[in-house]
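As provided, input08.cif (mmCIF, C-alpha atoms) reads as follows.
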data_coords
#
loop_
_atom_site.group_PDB
_atom_site.id
_atom_site.type_symbol
_atom_site.label_atom_id
_atom_site.label_comp_id
_atom_site.auth_asym_id
_atom_site.auth_seq_id
_atom_site.Cartn_x
_atom_site.Cartn_y
_atom_site.Cartn_z
ATOM 1 C CA MET N 1 252.318 19.781 -100.148
ATOM 2 C CA SER N 2 251.331 23.216 -101.359
ATOM 3 C CA ASP N 3 251.667 26.445 -99.380
ATOM 4 C CA LYS N 4 247.862 26.866 -99.290
ATOM 5 C CA THR N 5 247.245 23.594 -97.367
ATOM 6 C CA ALA N 6 250.225 24.130 -95.055
ATOM 7 C CA GLN N 7 248.916 27.566 -93.966
ATOM 8 C CA PRO N 8 245.645 26.292 -92.298
ATOM 9 C CA ASP N 9 247.511 23.407 -90.603
ATOM 10 C CA LEU N 10 250.064 25.821 -89.154
ATOM 11 C CA THR N 11 247.325 28.167 -87.890
ATOM 12 C CA ARG N 12 245.349 25.293 -86.318
ATOM 13 C CA ARG N 13 248.498 23.975 -84.624
ATOM 14 C CA ARG N 14 249.278 27.424 -83.176
ATOM 15 C CA LEU N 15 245.716 27.730 -81.842
ATOM 16 C CA LEU N 16 245.909 24.299 -80.204
ATOM 17 C CA MET N 17 249.239 25.193 -78.602
ATOM 18 C CA ALA N 18 247.939 28.541 -77.365
ATOM 19 C CA ALA N 19 244.715 27.190 -75.819
ATOM 20 C CA PRO N 20 246.356 25.705 -72.661
ATOM 21 C CA LEU N 21 248.305 28.934 -72.151
ATOM 22 C CA VAL N 22 245.103 30.988 -72.311
ATOM 23 C CA VAL N 23 243.347 28.660 -69.827
ATOM 24 C CA ALA N 24 246.333 28.737 -67.437
ATOM 25 C CA GLY N 25 246.476 32.523 -67.682
ATOM 26 C CA GLY N 26 242.771 32.832 -66.870
ATOM 27 C CA ALA N 27 243.135 30.503 -63.880
ATOM 28 C CA GLY N 28 246.124 32.507 -62.673
ATOM 29 C CA ILE N 29 244.175 35.763 -62.827
ATOM 30 C CA ALA N 30 241.253 34.221 -60.912
ATOM 31 C CA PHE N 31 243.611 32.845 -58.243
ATOM 32 C CA TRP N 32 245.337 36.236 -57.916
ATOM 33 C CA GLN N 33 241.950 37.949 -57.440
ATOM 34 C CA MET N 34 240.973 35.426 -54.761
ATOM 35 C CA LEU N 35 244.240 35.995 -52.878
ATOM 36 C CA SER N 36 243.809 39.771 -53.161
ATOM 37 C CA GLY N 37 240.294 39.453 -51.727
ATOM 38 C CA MET N 38 241.594 37.374 -48.814
ATOM 39 C CA ARG N 39 244.290 39.967 -48.080
ATOM 40 C CA GLN N 40 241.718 42.786 -48.102
ATOM 41 C CA GLY N 41 239.253 40.774 -46.033
ATOM 42 C CA SER N 42 236.566 40.687 -48.705
ATOM 43 C CA PHE N 43 236.882 36.944 -49.429
ATOM 44 C CA ASP N 44 236.267 34.244 -46.827
ATOM 45 C CA PRO N 45 236.769 30.707 -48.174
ATOM 46 C CA HIS N 46 234.468 29.331 -45.431
ATOM 47 C CA ASP N 47 231.637 31.738 -46.236
ATOM 48 C CA ILE N 48 229.167 29.704 -48.211
ATOM 49 C CA LYS N 49 226.086 31.603 -49.245
ATOM 50 C CA ALA N 50 223.536 29.155 -47.931
ATOM 51 C CA PRO N 51 220.216 29.608 -49.691
ATOM 52 C CA ALA N 52 218.530 27.842 -46.779
ATOM 53 C CA LEU N 53 218.972 30.738 -44.341
ATOM 54 C CA ASN N 54 215.666 31.969 -42.860
ATOM 55 C CA ARG N 55 213.754 29.138 -44.508
ATOM 56 C CA PRO N 56 212.087 26.113 -42.938
ATOM 57 C CA VAL N 57 214.158 22.966 -42.643
ATOM 58 C CA PRO N 58 213.704 20.644 -45.630
ATOM 59 C CA ASP N 59 211.438 17.607 -45.332
ATOM 60 C CA PHE N 60 213.314 14.545 -44.075
ATOM 61 C CA THR N 61 213.122 11.659 -41.638
ATOM 62 C CA LEU N 62 216.278 9.869 -40.508
ATOM 63 C CA PRO N 63 216.703 6.663 -38.500
ATOM 64 C CA ASP N 64 218.432 6.321 -35.139
ATOM 65 C CA GLN N 65 222.203 6.438 -34.956
ATOM 66 C CA SER N 66 223.302 4.648 -31.808
ATOM 67 C CA PRO N 67 223.567 5.817 -29.085
ATOM 68 C CA GLY N 68 220.907 8.385 -29.971
ATOM 69 C CA GLN N 69 217.411 8.694 -31.330
ATOM 70 C CA GLY N 70 216.785 9.684 -34.954
ATOM 71 C CA PHE N 71 214.699 12.677 -35.936
ATOM 72 C CA GLY N 72 213.135 14.493 -38.830
ATOM 73 C CA ALA N 73 211.720 17.791 -40.025
ATOM 74 C CA VAL N 74 208.539 17.268 -37.978
ATOM 75 C CA ASP N 75 210.614 17.162 -34.769
ATOM 76 C CA LEU N 76 212.521 20.336 -35.683
ATOM 77 C CA ARG N 77 209.351 22.207 -36.646
ATOM 78 C CA ALA N 78 207.808 21.348 -33.262
ATOM 79 C CA LEU N 79 210.684 22.982 -31.351
ATOM 80 C CA LYS N 80 209.951 25.814 -28.928
ATOM 81 C CA VAL N 81 213.661 26.551 -28.287
ATOM 82 C CA PRO N 82 216.652 26.809 -30.632
ATOM 83 C CA VAL N 83 218.743 23.734 -31.379
ATOM 84 C CA LEU N 84 222.023 23.297 -33.247
ATOM 85 C CA VAL N 85 221.993 20.624 -35.968
ATOM 86 C CA ASN N 86 225.527 19.388 -36.620
ATOM 87 C CA PHE N 87 226.473 17.220 -39.615
ATOM 88 C CA PHE N 88 229.542 15.117 -38.740
ATOM 89 C CA ALA N 89 231.445 11.961 -39.728
ATOM 90 C CA SER N 90 233.947 9.714 -37.986
ATOM 91 C CA TRP N 91 236.333 9.991 -40.944
ATOM 92 C CA CYS N 92 236.332 13.823 -40.820
ATOM 93 C CA ILE N 93 239.428 15.360 -39.179
ATOM 94 C CA PRO N 94 237.813 18.820 -38.606
ATOM 95 C CA CYS N 95 234.902 16.995 -36.917
ATOM 96 C CA VAL N 96 237.361 15.526 -34.419
ATOM 97 C CA ALA N 97 238.820 18.996 -33.848
ATOM 98 C CA GLU N 98 235.412 20.583 -33.142
ATOM 99 C CA MET N 99 234.204 17.954 -30.638
ATOM 100 C CA PRO N 100 235.658 19.744 -27.565
ATOM 101 C CA GLN N 101 233.705 22.866 -28.561
ATOM 102 C CA LEU N 102 230.500 20.885 -29.054
ATOM 103 C CA ASN N 103 230.967 19.148 -25.696
ATOM 104 C CA ALA N 104 231.459 22.549 -24.033
ATOM 105 C CA LEU N 105 228.370 23.904 -25.800
ATOM 106 C CA LYS N 106 225.936 21.054 -25.079
ATOM 107 C CA ASP N 107 224.902 22.348 -21.631
ATOM 108 C CA ARG N 108 224.032 25.782 -23.059
ATOM 109 C CA LEU N 109 222.393 24.819 -26.362
ATOM 110 C CA PRO N 110 220.825 21.499 -27.376
ATOM 111 C CA ILE N 111 222.754 19.829 -30.216
ATOM 112 C CA TRP N 112 221.294 17.245 -32.563
ATOM 113 C CA GLY N 113 223.777 15.361 -34.699
ATOM 114 C CA ILE N 114 223.485 13.818 -38.149
ATOM 115 C CA ALA N 115 226.111 11.219 -39.059
ATOM 116 C CA TYR N 116 226.887 11.960 -42.720
ATOM 117 C CA LYS N 117 227.737 9.032 -45.029
ATOM 118 C CA ASP N 118 229.194 7.119 -42.105
ATOM 119 C CA LYS N 119 229.010 3.460 -41.192
ATOM 120 C CA PRO N 120 226.811 3.198 -38.074
ATOM 121 C CA ALA N 121 229.472 1.323 -36.068
ATOM 122 C CA ASP N 122 232.127 3.915 -36.977
ATOM 123 C CA ALA N 123 229.857 6.843 -36.025
ATOM 124 C CA GLN N 124 228.981 5.143 -32.728
ATOM 125 C CA GLY N 125 232.660 4.570 -31.928
ATOM 126 C CA PHE N 126 233.513 8.172 -32.815
ATOM 127 C CA VAL N 127 230.877 9.583 -30.452
ATOM 128 C CA ARG N 128 231.938 7.157 -27.705
ATOM 129 C CA ARG N 129 235.631 8.153 -28.011
ATOM 130 C CA ALA N 130 235.149 11.915 -28.442
ATOM 131 C CA GLY N 131 232.320 12.343 -25.932
ATOM 132 C CA ASN N 132 228.687 12.647 -26.887
ATOM 133 C CA PRO N 133 227.482 16.244 -27.203
ATOM 134 C CA TYR N 134 224.289 15.214 -29.010
ATOM 135 C CA ALA N 135 220.828 15.085 -27.430
ATOM 136 C CA ARG N 136 219.672 13.165 -30.536
ATOM 137 C CA ILE N 137 221.650 11.500 -33.320
ATOM 138 C CA ALA N 138 220.374 10.419 -36.715
ATOM 139 C CA SER N 139 222.057 8.559 -39.568
ATOM 140 C CA ASP N 140 222.225 9.957 -43.112
ATOM 141 C CA LEU N 141 223.983 6.974 -44.653
ATOM 142 C CA SER N 142 223.066 7.902 -48.241
ATOM 143 C CA GLY N 143 223.895 11.591 -47.841
ATOM 144 C CA MET N 144 220.625 12.621 -49.523
ATOM 145 C CA THR N 145 219.363 14.593 -46.514
ATOM 146 C CA ALA N 146 222.621 16.556 -46.431
ATOM 147 C CA ILE N 147 222.102 17.449 -50.094
ATOM 148 C CA ASP N 148 218.593 18.702 -49.297
ATOM 149 C CA TRP N 149 220.066 20.905 -46.551
ATOM 150 C CA GLY N 150 222.739 22.272 -48.910
ATOM 151 C CA VAL N 151 225.634 20.713 -47.015
ATOM 152 C CA SER N 152 228.911 21.098 -48.903
ATOM 153 C CA GLY N 153 231.035 18.999 -46.538
ATOM 154 C CA VAL N 154 231.470 18.104 -42.896
ATOM 155 C CA PRO N 155 231.437 19.471 -40.321
ATOM 156 C CA GLU N 156 228.544 21.815 -40.991
ATOM 157 C CA SER N 157 226.187 23.306 -38.434
ATOM 158 C CA PHE N 158 222.771 24.962 -38.618
ATOM 159 C CA LEU N 159 221.049 26.872 -35.834
ATOM 160 C CA ILE N 160 217.359 26.019 -35.983
ATOM 161 C CA GLY N 161 214.968 28.480 -34.377
ATOM 162 C CA PRO N 162 211.552 27.726 -32.904
ATOM 163 C CA GLY N 163 209.205 26.431 -35.578
ATOM 164 C CA GLY N 164 212.025 24.763 -37.528
ATOM 165 C CA VAL N 165 213.459 27.810 -39.336
ATOM 166 C CA ILE N 166 217.177 27.843 -40.201
ATOM 167 C CA ARG N 167 218.608 30.997 -38.572
ATOM 168 C CA TRP N 168 222.371 30.486 -38.923
ATOM 169 C CA HIS N 169 224.742 28.273 -40.876
ATOM 170 C CA SER N 170 228.463 27.521 -40.704
ATOM 171 C CA ALA N 171 230.406 25.401 -43.180
ATOM 172 C CA ALA N 172 233.427 25.082 -40.902
ATOM 173 C CA ALA N 173 234.349 23.494 -37.592
ATOM 174 C CA LEU N 174 233.028 25.538 -34.674
ATOM 175 C CA ASP N 175 235.664 27.407 -32.724
ATOM 176 C CA GLU N 176 235.432 29.195 -29.407
ATOM 177 C CA ALA N 177 235.184 32.672 -30.938
ATOM 178 C CA THR N 178 232.313 31.696 -33.254
ATOM 179 C CA MET N 179 230.548 29.940 -30.403
ATOM 180 C CA HIS N 180 230.784 32.899 -27.982
ATOM 181 C CA ASP N 181 230.576 35.849 -30.377
ATOM 182 C CA ILE N 182 227.920 34.632 -32.837
ATOM 183 C CA LEU N 183 226.176 31.363 -32.001
ATOM 184 C CA LEU N 184 225.287 31.785 -28.313
ATOM 185 C CA PRO N 185 224.077 35.419 -28.610
ATOM 186 C CA LEU N 186 221.905 34.485 -31.601
ATOM 187 C CA ALA N 187 220.499 31.435 -29.801
ATOM 188 C CA ALA N 188 219.709 33.623 -26.761
ATOM 189 C CA SER N 189 217.862 36.125 -28.947
ATOM 190 C CA LEU N 190 215.740 33.314 -30.393
ATOM 191 C CA ARG N 191 214.588 32.233 -26.920
ATOM 192 C CA THR N 192 212.710 35.448 -26.234
#

Represent the structure contained in this file as C-alpha cells.
Amino acid sequence: MSDKTAQPDLTRRRLLMAAPLVVAGGAGIAFWQMLSGMRQGSFDPHDIKAPALNRPVPDFTLPDQSPGQGFGAVDLRALKVPVLVNFFASWCIPCVAEMPQLNALKDRLPIWGIAYKDKPADAQGFVRRAGNPYARIASDLSGMTAIDWGVSGVPESFLIGPGGVIRWHSAAALDEATMHDILLPLAASLRT
C-alpha cells in the first residue's frame, strides 16, 4: 500500500472517530444551557407554547365514555360559561395524582374529561375508583382529537371560555397553587 492511499483512509477514520465526540459535546452544551435556564428561572420544562391559545377549539366529535356523555366542538362553542377540558388516561400516574384536585375543583368549575387512548372499561374503572369530577366524559380511543388539540401527553387541561375559545392551557397535572392562583381567577374573569 502506498503512502498516498493510506493518507485518505487515515483522515476518514479520524473523522469517523471524531463525529460521536462532536455530537456528544453539542448535546452536553445544550443540556448545560437548559440546566442554567432552570436555575435562573428562565426555563420551565412544563411550559409548552401551545399554538391553540386564544383560538377556537378544533373541530371534533367524540363518543360517550361511560359513565358520562360524549361531546364535541359544537357543544364547547355553545357554552355560555367557562369549562375545563381535561385529557386523562387510566394508565397515567400523574392523572391519578391530579384527581383529588379535580374532585375539589368540580363544584367551582365544570370539568369535561376526554379519555386519551384508553380502553373504555379501564377509563370507566379509573373514574369509578378515583371519583368522578367530570360533568361529561368522551373517549378519544385513537388519540386523533388530542393531536388536533396539540396535546403532548396526559394529563393536559384547557380552559375553554364562552363561545369555545381556548383561554388557558397546562401540560402538567393540576396542583393546588395553579388551581387557586391561575385557573379559578381566570375562570371568574371569563364569567363576566

Long-range neighbours of region 67-73 of chain N as a compact mmCIF listing (two decimals) with C-alpha atoms, in the coordinates of the input, 9 Å cut-off, only C-alpha atoms, 6 positions minimum in chain:
# COMPACT_ATOMS: atom_id res chain seq x y z
CA PRO N 56 212.09 26.11 -42.94
CA VAL N 57 214.16 22.97 -42.64
CA PRO N 58 213.70 20.64 -45.63
CA ASP N 59 211.44 17.61 -45.33
CA PHE N 60 213.31 14.54 -44.08
CA THR N 61 213.12 11.66 -41.64
CA TRP N 112 221.29 17.24 -32.56
CA GLY N 113 223.78 15.36 -34.70
CA ILE N 114 223.48 13.82 -38.15
CA GLN N 124 228.98 5.14 -32.73
CA VAL N 127 230.88 9.58 -30.45
CA ARG N 128 231.94 7.16 -27.70
CA ASN N 132 228.69 12.65 -26.89
CA TYR N 134 224.29 15.21 -29.01
CA ALA N 135 220.83 15.08 -27.43
CA ARG N 136 219.67 13.16 -30.54
CA ILE N 137 221.65 11.50 -33.32
CA ALA N 138 220.37 10.42 -36.72
CA SER N 139 222.06 8.56 -39.57
CA GLY N 164 212.02 24.76 -37.53

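CA of Cys95 (chain N) is positioned 21.5 Å from CA of Arg167 (chain N).
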
Compile the contact shell of Leu102 (chain N) as a PyMOL selection string: residues with an atom at most 10 Å away, counting only C-alpha atoms, same-chain residues fewer than 3 positions apart removed.
chain N and resi 84+86+95+97-99+105-107+109-111+131-134+173-176+179

Who sits within 8 Å of Phe87 (chain N), only C-alpha atoms, same chain under 2 positions skipped, as a ChimeraX atom specification
/N:85,89,113-116,146,154-157

Taking (207.3, 31.7, -33.5) in the coordinates of the supplied file, I want to know which residues reach to within 10 Å of it, counting only C-alpha atoms; could you give the answer as a list in words?
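Nearby residues: Leu79, Lys80, Val81, Gly161, Pro162, Gly163, Gly164, Val165, Leu190, Arg191 and Thr192 of chain N.
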
Measure the distance from CA of Ala187 (chain N) to CA of Pro82 (chain N) in Å and round it to one decimal.
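A separation of 6.1 Å between them.
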
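Between CA of Pro100 (chain N) and CA of Ala177 (chain N) the interatomic distance comes to 13.4 Å.
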
Kindly indicate which residue among N:Arg55, N:Asp148, N:Gln101, N:Pro63 lies nearest to Thr178 (chain N), using only C-alpha atoms for the distances.
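Distance minimum relative to Thr178 (chain N) lands on N:Gln101.
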
Pick from N:Cys92, N:Ala27, N:Val22, N:Val151, whichever lies nearest to Phe126 (chain N) using only C-alpha atoms:
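Closest candidate: N:Cys92.
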
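Taking all atoms listed in the file into account, Ser90 (chain N) lies nearest to N:Arg129 out of the set N:Ile147, N:Thr11, N:Arg129, N:Ala104.
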